[in-house]
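Dropping upload_8.pdb in here (PDB, C-alpha atoms, pLDDT in the B column):
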MODEL        1
ATOM      1  CA  MET A   1     -13.295 186.665 -72.167  1.00 73.00           C
ATOM      2  CA  LEU A   2     -13.191 182.907 -71.826  1.00 83.00           C
ATOM      3  CA  ARG A   3     -11.951 180.315 -74.288  1.00 91.00           C
ATOM      4  CA  GLY A   4     -14.542 178.365 -76.165  1.00 92.00           C
ATOM      5  CA  ILE A   5     -17.502 180.637 -75.381  1.00 94.00           C
ATOM      6  CA  PRO A   6     -18.923 182.196 -78.556  1.00 95.00           C
ATOM      7  CA  PRO A   7     -18.957 186.002 -78.277  1.00 95.00           C
ATOM      8  CA  ILE A   8     -22.669 186.032 -79.161  1.00 97.00           C
ATOM      9  CA  ILE A   9     -23.283 184.565 -75.681  1.00 97.00           C
ATOM     10  CA  SER A  10     -23.236 187.634 -73.464  1.00 96.00           C
ATOM     11  CA  PRO A  11     -22.329 187.381 -69.782  1.00 96.00           C
ATOM     12  CA  GLN A  12     -26.009 187.924 -68.953  1.00 97.00           C
ATOM     13  CA  LEU A  13     -27.069 185.079 -71.253  1.00 98.00           C
ATOM     14  CA  MET A  14     -24.415 182.696 -69.902  1.00 97.00           C
ATOM     15  CA  GLN A  15     -25.502 183.528 -66.352  1.00 97.00           C
ATOM     16  CA  ALA A  16     -29.131 182.763 -67.209  1.00 98.00           C
ATOM     17  CA  LEU A  17     -28.218 179.459 -68.860  1.00 98.00           C
ATOM     18  CA  MET A  18     -26.151 178.473 -65.819  1.00 97.00           C
ATOM     19  CA  GLU A  19     -28.832 179.503 -63.305  1.00 97.00           C
ATOM     20  CA  MET A  20     -31.674 177.690 -65.049  1.00 98.00           C
ATOM     21  CA  GLY A  21     -32.784 174.457 -63.436  1.00 97.00           C
ATOM     22  CA  HIS A  22     -34.219 171.247 -64.805  1.00 96.00           C
ATOM     23  CA  GLY A  23     -37.581 171.983 -66.413  1.00 97.00           C
ATOM     24  CA  ASP A  24     -37.023 175.741 -66.694  1.00 98.00           C
ATOM     25  CA  GLU A  25     -37.785 177.240 -70.083  1.00 98.00           C
ATOM     26  CA  ILE A  26     -36.084 179.955 -72.105  1.00 98.00           C
ATOM     27  CA  VAL A  27     -37.641 181.802 -75.048  1.00 98.00           C
ATOM     28  CA  LEU A  28     -35.682 182.793 -78.139  1.00 98.00           C
ATOM     29  CA  ALA A  29     -37.817 185.628 -79.460  1.00 98.00           C
ATOM     30  CA  ASP A  30     -37.929 187.390 -82.789  1.00 97.00           C
ATOM     31  CA  GLY A  31     -38.066 191.164 -83.143  1.00 96.00           C
ATOM     32  CA  ASN A  32     -41.880 191.232 -83.250  1.00 95.00           C
ATOM     33  CA  PHE A  33     -42.364 189.251 -80.042  1.00 97.00           C
ATOM     34  CA  PRO A  34     -43.663 191.228 -76.999  1.00 97.00           C
ATOM     35  CA  ALA A  35     -40.495 190.354 -75.063  1.00 97.00           C
ATOM     36  CA  VAL A  36     -40.461 193.356 -72.728  1.00 97.00           C
ATOM     37  CA  THR A  37     -44.120 192.845 -71.863  1.00 98.00           C
ATOM     38  CA  LEU A  38     -43.826 189.115 -71.141  1.00 98.00           C
ATOM     39  CA  ALA A  39     -40.328 188.531 -69.768  1.00 98.00           C
ATOM     40  CA  LYS A  40     -39.529 187.836 -66.127  1.00 97.00           C
ATOM     41  CA  ARG A  41     -35.879 188.289 -67.150  1.00 98.00           C
ATOM     42  CA  LEU A  42     -35.135 190.022 -70.432  1.00 98.00           C
ATOM     43  CA  ILE A  43     -31.851 189.316 -72.179  1.00 98.00           C
ATOM     44  CA  ARG A  44     -31.110 191.590 -75.139  1.00 98.00           C
ATOM     45  CA  SER A  45     -29.419 190.051 -78.153  1.00 97.00           C
ATOM     46  CA  ASP A  46     -29.940 192.919 -80.558  1.00 96.00           C
ATOM     47  CA  GLY A  47     -28.498 192.580 -84.026  1.00 96.00           C
ATOM     48  CA  HIS A  48     -28.604 188.782 -83.927  1.00 97.00           C
ATOM     49  CA  ARG A  49     -30.817 186.127 -85.448  1.00 97.00           C
ATOM     50  CA  ILE A  50     -32.374 183.296 -83.478  1.00 98.00           C
ATOM     51  CA  THR A  51     -30.447 180.717 -85.518  1.00 97.00           C
ATOM     52  CA  ASP A  52     -27.146 182.335 -84.462  1.00 98.00           C
ATOM     53  CA  VAL A  53     -28.113 182.373 -80.778  1.00 98.00           C
ATOM     54  CA  LEU A  54     -29.505 178.831 -80.939  1.00 98.00           C
ATOM     55  CA  GLY A  55     -26.354 177.526 -82.637  1.00 98.00           C
ATOM     56  CA  ALA A  56     -24.205 179.156 -79.971  1.00 98.00           C
ATOM     57  CA  ILE A  57     -26.116 177.876 -76.925  1.00 98.00           C
ATOM     58  CA  MET A  58     -26.987 174.316 -77.995  1.00 97.00           C
ATOM     59  CA  PRO A  59     -23.527 172.834 -77.262  1.00 96.00           C
ATOM     60  CA  PHE A  60     -24.006 173.983 -73.645  1.00 95.00           C
ATOM     61  CA  PHE A  61     -27.761 173.473 -73.207  1.00 97.00           C
ATOM     62  CA  PRO A  62     -29.199 170.015 -72.469  1.00 96.00           C
ATOM     63  CA  LEU A  63     -32.812 169.603 -73.516  1.00 97.00           C
ATOM     64  CA  ASP A  64     -35.177 167.867 -71.123  1.00 96.00           C
ATOM     65  CA  TYR A  65     -35.194 164.160 -72.017  1.00 93.00           C
ATOM     66  CA  ALA A  66     -38.104 163.531 -69.624  1.00 92.00           C
ATOM     67  CA  VAL A  67     -40.646 165.265 -71.878  1.00 94.00           C
ATOM     68  CA  GLU A  68     -41.649 164.181 -75.364  1.00 94.00           C
ATOM     69  CA  ARG A  69     -41.115 167.587 -76.995  1.00 97.00           C
ATOM     70  CA  PRO A  70     -38.658 169.870 -75.150  1.00 98.00           C
ATOM     71  CA  ALA A  71     -38.717 172.565 -77.850  1.00 98.00           C
ATOM     72  CA  ALA A  72     -41.825 174.513 -78.852  1.00 98.00           C
ATOM     73  CA  VAL A  73     -42.856 176.837 -81.671  1.00 98.00           C
ATOM     74  CA  MET A  74     -46.092 178.712 -82.334  1.00 96.00           C
ATOM     75  CA  SER A  75     -48.591 176.602 -84.241  1.00 95.00           C
ATOM     76  CA  LEU A  76     -49.529 177.640 -87.742  1.00 92.00           C
ATOM     77  CA  GLY A  77     -52.768 179.227 -88.837  1.00 89.00           C
ATOM     78  CA  GLU A  78     -54.893 177.786 -91.621  1.00 89.00           C
ATOM     79  CA  LYS A  79     -53.200 179.876 -94.314  1.00 90.00           C
ATOM     80  CA  ASP A  80     -49.674 179.703 -92.904  1.00 90.00           C
ATOM     81  CA  ARG A  81     -46.942 177.561 -94.392  1.00 91.00           C
ATOM     82  CA  GLN A  82     -44.142 176.142 -92.300  1.00 92.00           C
ATOM     83  CA  PRO A  83     -41.393 178.741 -91.934  1.00 92.00           C
ATOM     84  CA  ASP A  84     -38.114 177.734 -93.593  1.00 92.00           C
ATOM     85  CA  VAL A  85     -36.272 178.612 -90.391  1.00 95.00           C
ATOM     86  CA  TRP A  86     -37.864 175.689 -88.542  1.00 96.00           C
ATOM     87  CA  GLU A  87     -35.710 173.230 -90.524  1.00 96.00           C
ATOM     88  CA  GLN A  88     -32.651 175.225 -89.478  1.00 97.00           C
ATOM     89  CA  TYR A  89     -33.797 175.024 -85.838  1.00 98.00           C
ATOM     90  CA  ARG A  90     -34.236 171.255 -86.119  1.00 97.00           C
ATOM     91  CA  ALA A  91     -30.735 170.848 -87.586  1.00 97.00           C
ATOM     92  CA  LEU A  92     -29.127 173.073 -84.948  1.00 98.00           C
ATOM     93  CA  ILE A  93     -30.878 171.259 -82.113  1.00 98.00           C
ATOM     94  CA  ARG A  94     -30.019 167.818 -83.538  1.00 97.00           C
ATOM     95  CA  SER A  95     -26.349 168.796 -83.853  1.00 96.00           C
ATOM     96  CA  SER A  96     -26.138 168.699 -80.046  1.00 94.00           C
ATOM     97  CA  GLN A  97     -29.188 166.553 -79.257  1.00 94.00           C
ATOM     98  CA  PRO A  98     -29.358 163.792 -81.914  1.00 94.00           C
ATOM     99  CA  ASP A  99     -32.461 162.179 -80.393  1.00 93.00           C
ATOM    100  CA  PHE A 100     -34.553 165.344 -80.927  1.00 95.00           C
ATOM    101  CA  VAL A 101     -37.700 164.403 -82.871  1.00 93.00           C
ATOM    102  CA  ASP A 102     -39.880 167.470 -83.408  1.00 96.00           C
ATOM    103  CA  PHE A 103     -41.378 170.563 -81.861  1.00 98.00           C
ATOM    104  CA  ASP A 104     -44.364 171.002 -79.637  1.00 97.00           C
ATOM    105  CA  TYR A 105     -46.755 173.193 -81.656  1.00 97.00           C
ATOM    106  CA  VAL A 106     -48.383 175.707 -79.312  1.00 97.00           C
ATOM    107  CA  GLU A 107     -51.270 178.050 -80.067  1.00 96.00           C
ATOM    108  CA  ARG A 108     -50.180 181.721 -80.100  1.00 95.00           C
ATOM    109  CA  PHE A 109     -51.771 182.865 -76.824  1.00 97.00           C
ATOM    110  CA  ALA A 110     -50.797 179.662 -75.032  1.00 98.00           C
ATOM    111  CA  PHE A 111     -47.248 180.319 -76.277  1.00 98.00           C
ATOM    112  CA  TYR A 112     -47.431 183.811 -74.729  1.00 98.00           C
ATOM    113  CA  SER A 113     -48.620 182.293 -71.450  1.00 98.00           C
ATOM    114  CA  ARG A 114     -45.654 179.924 -71.417  1.00 98.00           C
ATOM    115  CA  ALA A 115     -43.332 182.818 -72.213  1.00 98.00           C
ATOM    116  CA  LYS A 116     -44.657 184.709 -69.159  1.00 98.00           C
ATOM    117  CA  GLU A 117     -43.649 181.759 -66.987  1.00 98.00           C
ATOM    118  CA  ALA A 118     -40.304 181.173 -68.702  1.00 98.00           C
ATOM    119  CA  PHE A 119     -37.056 181.701 -66.818  1.00 98.00           C
ATOM    120  CA  ALA A 120     -35.942 184.271 -69.410  1.00 98.00           C
ATOM    121  CA  VAL A 121     -36.695 185.715 -72.819  1.00 98.00           C
ATOM    122  CA  ILE A 122     -33.857 186.404 -75.250  1.00 98.00           C
ATOM    123  CA  ALA A 123     -34.928 189.305 -77.482  1.00 98.00           C
ATOM    124  CA  THR A 124     -33.257 189.138 -80.903  1.00 98.00           C
ATOM    125  CA  SER A 125     -33.618 191.285 -83.997  1.00 96.00           C
ATOM    126  CA  ASP A 126     -34.766 188.329 -86.086  1.00 95.00           C
ATOM    127  CA  GLU A 127     -37.469 189.078 -88.632  1.00 93.00           C
ATOM    128  CA  ALA A 128     -38.469 185.449 -89.243  1.00 86.00           C
ATOM    129  CA  TYR A 129     -42.231 184.935 -89.282  1.00 82.00           C
ATOM    130  CA  LYS A 130     -43.245 182.433 -86.572  1.00 86.00           C
ATOM    131  CA  GLY A 131     -39.600 182.330 -85.550  1.00 93.00           C
ATOM    132  CA  ASN A 132     -40.094 182.212 -81.784  1.00 97.00           C
ATOM    133  CA  LEU A 133     -38.803 179.155 -79.965  1.00 98.00           C
ATOM    134  CA  ILE A 134     -39.078 177.832 -76.398  1.00 98.00           C
ATOM    135  CA  LEU A 135     -36.482 175.404 -75.023  1.00 98.00           C
ATOM    136  CA  LYS A 136     -36.978 173.330 -71.860  1.00 98.00           C
ATOM    137  CA  LYS A 137     -33.760 172.667 -69.977  1.00 98.00           C
ATOM    138  CA  GLY A 138     -32.813 169.160 -68.979  1.00 96.00           C
ATOM    139  CA  VAL A 139     -30.066 167.756 -66.824  1.00 94.00           C
ATOM    140  CA  ILE A 140     -26.514 166.712 -67.508  1.00 88.00           C
ATOM    141  CA  ARG A 141     -26.579 162.951 -67.167  1.00 78.00           C
ATOM    142  CA  THR A 142     -23.475 161.595 -65.530  1.00 75.00           C
ATOM    143  CA  PRO A 143     -22.592 158.014 -66.334  1.00 68.00           C
ATOM    144  CA  SER A 144     -23.683 155.431 -63.826  1.00 59.00           C
ATOM    145  CA  ILE A 145     -21.022 153.429 -62.000  1.00 57.00           C
ATOM    146  CA  LYS A 146     -21.633 150.467 -64.328  1.00 57.00           C
ATOM    147  CA  GLU A 147     -21.291 152.680 -67.431  1.00 57.00           C
ATOM    148  CA  ALA A 148     -18.131 154.287 -66.034  1.00 55.00           C
ATOM    149  CA  GLU A 149     -16.573 150.854 -65.400  1.00 58.00           C
ATOM    150  CA  ARG A 150     -16.933 149.843 -69.075  1.00 58.00           C
TER     151      ARG A 150
ENDMDL
END

Before anything else, please render the file you have as structure tokens.
Amino acid sequence: MLRGIPPIISPQLMQALMEMGHGDEIVLADGNFPAVTLAKRLIRSDGHRITDVLGAIMPFFPLDYAVERPAAVMSLGEKDRQPDVWEQYRALIRSSQPDFVDFDYVERFAFYSRAKEAFAVIATSDEAYKGNLILKKGVIRTPSIKEAER
């Protein structure tokens, strides 16, 4: 055990977050997502919801500032309404990344293609419809010499 690390972040998940590089993506997948089929690296987070995992990792996970939309969800169909959980995702992301604007909305099969290329897939037991989320990792920006001198 380490201080300050939420117990929901397993050693395997922390290792994946640490090993990811700038531009790598991680998928937070609901219980219906074909995680085993698509994952290069599968991280089990059974018994947990995506909001719980997202809330735990965001203080440690910098989103990529070099892209307009570093978080993606599956786009909605004609008869779909926006899932309530998306507002929770926005709030959780903004709590650590205040400049976050909105998601990239990705067609279902294009989302699956991105998931195949993702660094890892975190498989949760979440039952939220259209609850899947992709995060693109950024870099930790160290202050420049001029900023540090202020």

Quiz item: Taking into account only C-alpha atoms, which residue in the set A:Met14, A:Ile50, A:Ala120, A:Ala66 is nearest to Leu2 in chain A?
Solution: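 Nearest candidate to Leu2 in chain A out of A:Met14, A:Ile50, A:Ala120, A:Ala66: A:Met14.
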
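Using all atoms listed in the file, the residues found no farther than 7 Å from range 111-119 of chain A, other than those of its own chain fewer than 5 positions away, are Met20, Asp24, Glu25, Ile26, Val27, Leu38, Ala39, Lys40, Arg41, Met74 and Val106 of chain A.
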
Quiz item: Do you know which residues are at most 10 Å from Gly55 in chain A counting all atoms listed in the file, after dropping those on the same chain fewer than 3 positions away, and could you put them as number ranges by chain?
Solution: A: 6, 8, 50-52, 58-60, 88-89, 91-93, 95-96

What does the file look like for those residues with C-alpha atoms, as a short mmCIF file (atom, residue, chain, number, x, y, z; two decimals), in the frame of the given file?
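Written file, part_37.cif:
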data_model
loop_
_atom_site.label_atom_id
_atom_site.label_comp_id
_atom_site.auth_asym_id
_atom_site.auth_seq_id
_atom_site.Cartn_x
_atom_site.Cartn_y
_atom_site.Cartn_z
CA PRO A 6 -18.92 182.20 -78.56
CA ILE A 8 -22.67 186.03 -79.16
CA ILE A 50 -32.37 183.30 -83.48
CA THR A 51 -30.45 180.72 -85.52
CA ASP A 52 -27.15 182.34 -84.46
CA MET A 58 -26.99 174.32 -78.00
CA PRO A 59 -23.53 172.83 -77.26
CA PHE A 60 -24.01 173.98 -73.64
CA GLN A 88 -32.65 175.22 -89.48
CA TYR A 89 -33.80 175.02 -85.84
CA ALA A 91 -30.74 170.85 -87.59
CA LEU A 92 -29.13 173.07 -84.95
CA ILE A 93 -30.88 171.26 -82.11
CA SER A 95 -26.35 168.80 -83.85
CA SER A 96 -26.14 168.70 -80.05
#

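When CA of Ala128 in chain A is paired with CA of Val101 in chain A, their separation reads 22.0 Å.
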
Exercise. Please evaluate the PyMOL selection byres ((chain A and resi 32-35) around 8) against the displayed coordinates and give the resulting residues as a list in words.
Key: Ala29, Asp30, Gly31, Val36, Thr37, Leu38, Ala39, Leu42, Val121, Ile122, Ala123, Glu127 and Asn132 of chain A

Exercise. State, in Å with one decimal place, the distance from CA of Thr124 in chain A to CA of Ile5 in chain A.
Key: 18.7 Å

Practice problem: Record the distance separating CA of Asp126 in chain A and CA of Pro70 in chain A, expressed in Å with one decimal. | Solution: 21.8 Å

Quiz item: When distances are computed from only C-alpha atoms, which of A:Pro7, A:Gly77, A:Gln15, A:Tyr65 shows the smallest separation from Val53 in chain A?
Solution: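 Under the stated criterion, the closest residue is A:Pro7.
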
Quiz item: Using only C-alpha atoms, which residue out of A:Ile57, A:Leu63, A:Leu28, A:Leu133 lies closest to Trp86 in chain A?
Solution: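 Using only C-alpha atoms, the shortest distance to Trp86 in chain A belongs to A:Leu133.
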
Kindly add all heavy atoms to the incomplete range 98-109 of chain A and provide the output as a compact mmCIF listing (two decimals), in the coordinates of the input.
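Final file, rebuild_34.txt:
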# COMPACT_ATOMS: atom_id res chain seq x y z
N PRO A 98 -28.97 164.61 -80.77
CA PRO A 98 -29.36 163.79 -81.91
C PRO A 98 -30.70 163.09 -81.79
O PRO A 98 -31.32 162.77 -82.80
CB PRO A 98 -28.23 162.74 -82.01
CG PRO A 98 -27.12 163.27 -81.20
CD PRO A 98 -27.70 164.21 -80.19
N ASP A 99 -31.19 162.87 -80.57
CA ASP A 99 -32.46 162.18 -80.39
C ASP A 99 -33.67 163.11 -80.49
O ASP A 99 -34.80 162.67 -80.34
CB ASP A 99 -32.48 161.42 -79.07
CG ASP A 99 -32.21 162.32 -77.86
OD1 ASP A 99 -31.72 163.45 -78.04
OD2 ASP A 99 -32.47 161.87 -76.73
N PHE A 100 -33.44 164.39 -80.78
CA PHE A 100 -34.55 165.34 -80.93
C PHE A 100 -35.44 164.90 -82.09
O PHE A 100 -34.96 164.60 -83.18
CB PHE A 100 -34.02 166.75 -81.18
CG PHE A 100 -35.09 167.76 -81.46
CD1 PHE A 100 -35.88 168.25 -80.43
CD2 PHE A 100 -35.32 168.23 -82.74
CE1 PHE A 100 -36.88 169.18 -80.67
CE2 PHE A 100 -36.32 169.16 -83.00
CZ PHE A 100 -37.09 169.64 -81.96
N VAL A 101 -36.76 164.86 -81.85
CA VAL A 101 -37.70 164.40 -82.87
C VAL A 101 -38.38 165.58 -83.55
O VAL A 101 -38.21 165.80 -84.75
CB VAL A 101 -38.75 163.44 -82.26
CG1 VAL A 101 -39.75 163.01 -83.32
CG2 VAL A 101 -38.06 162.23 -81.65
N ASP A 102 -39.16 166.34 -82.81
CA ASP A 102 -39.88 167.47 -83.41
C ASP A 102 -40.34 168.42 -82.31
O ASP A 102 -40.21 168.13 -81.13
CB ASP A 102 -41.08 166.98 -84.22
CG ASP A 102 -41.56 168.02 -85.23
OD1 ASP A 102 -40.86 169.03 -85.46
OD2 ASP A 102 -42.65 167.83 -85.81
N PHE A 103 -40.90 169.51 -82.76
CA PHE A 103 -41.38 170.56 -81.86
C PHE A 103 -42.74 170.23 -81.26
O PHE A 103 -43.50 169.46 -81.82
CB PHE A 103 -41.55 171.89 -82.62
CG PHE A 103 -40.31 172.37 -83.29
CD1 PHE A 103 -40.25 172.48 -84.67
CD2 PHE A 103 -39.19 172.73 -82.56
CE1 PHE A 103 -39.12 172.94 -85.30
CE2 PHE A 103 -38.05 173.19 -83.18
CZ PHE A 103 -38.01 173.29 -84.56
N ASP A 104 -43.02 170.89 -80.17
CA ASP A 104 -44.36 171.00 -79.64
C ASP A 104 -44.95 172.22 -80.35
O ASP A 104 -44.29 173.26 -80.43
CB ASP A 104 -44.30 171.23 -78.12
CG ASP A 104 -45.66 171.23 -77.46
OD1 ASP A 104 -46.65 170.82 -78.10
OD2 ASP A 104 -45.73 171.64 -76.29
N TYR A 105 -46.13 172.09 -80.92
CA TYR A 105 -46.76 173.19 -81.66
C TYR A 105 -47.81 173.81 -80.74
O TYR A 105 -48.79 173.16 -80.40
CB TYR A 105 -47.36 172.69 -82.96
CG TYR A 105 -46.29 172.14 -83.88
CD1 TYR A 105 -45.95 170.79 -83.85
CD2 TYR A 105 -45.58 172.98 -84.74
CE1 TYR A 105 -44.95 170.28 -84.66
CE2 TYR A 105 -44.57 172.48 -85.55
CZ TYR A 105 -44.27 171.13 -85.51
OH TYR A 105 -43.26 170.64 -86.31
N VAL A 106 -47.59 175.06 -80.35
CA VAL A 106 -48.38 175.71 -79.31
C VAL A 106 -49.14 176.89 -79.90
O VAL A 106 -48.56 177.75 -80.58
CB VAL A 106 -47.46 176.19 -78.16
CG1 VAL A 106 -48.25 176.84 -77.07
CG2 VAL A 106 -46.64 175.02 -77.62
N GLU A 107 -50.42 176.93 -79.62
CA GLU A 107 -51.27 178.05 -80.07
C GLU A 107 -50.67 179.37 -79.56
O GLU A 107 -50.08 179.42 -78.49
CB GLU A 107 -52.69 177.83 -79.53
CG GLU A 107 -53.72 178.83 -79.97
CD GLU A 107 -53.77 180.09 -79.12
OE1 GLU A 107 -53.48 180.01 -77.91
OE2 GLU A 107 -54.08 181.16 -79.67
N ARG A 108 -50.83 180.43 -80.35
CA ARG A 108 -50.18 181.72 -80.10
C ARG A 108 -50.35 182.22 -78.67
O ARG A 108 -49.37 182.57 -78.00
CB ARG A 108 -50.72 182.75 -81.09
CG ARG A 108 -50.18 184.14 -80.88
CD ARG A 108 -50.80 185.07 -81.91
NE ARG A 108 -50.55 186.45 -81.55
CZ ARG A 108 -51.25 187.46 -82.00
NH1 ARG A 108 -52.25 187.26 -82.85
NH2 ARG A 108 -50.98 188.68 -81.63
N PHE A 109 -51.57 182.29 -78.16
CA PHE A 109 -51.77 182.86 -76.82
C PHE A 109 -51.31 181.92 -75.72
O PHE A 109 -50.86 182.36 -74.67
CB PHE A 109 -53.22 183.33 -76.65
CG PHE A 109 -53.54 184.49 -77.57
CD1 PHE A 109 -54.29 184.29 -78.72
CD2 PHE A 109 -53.03 185.75 -77.31
CE1 PHE A 109 -54.55 185.35 -79.59
CE2 PHE A 109 -53.27 186.81 -78.18
CZ PHE A 109 -54.04 186.62 -79.32
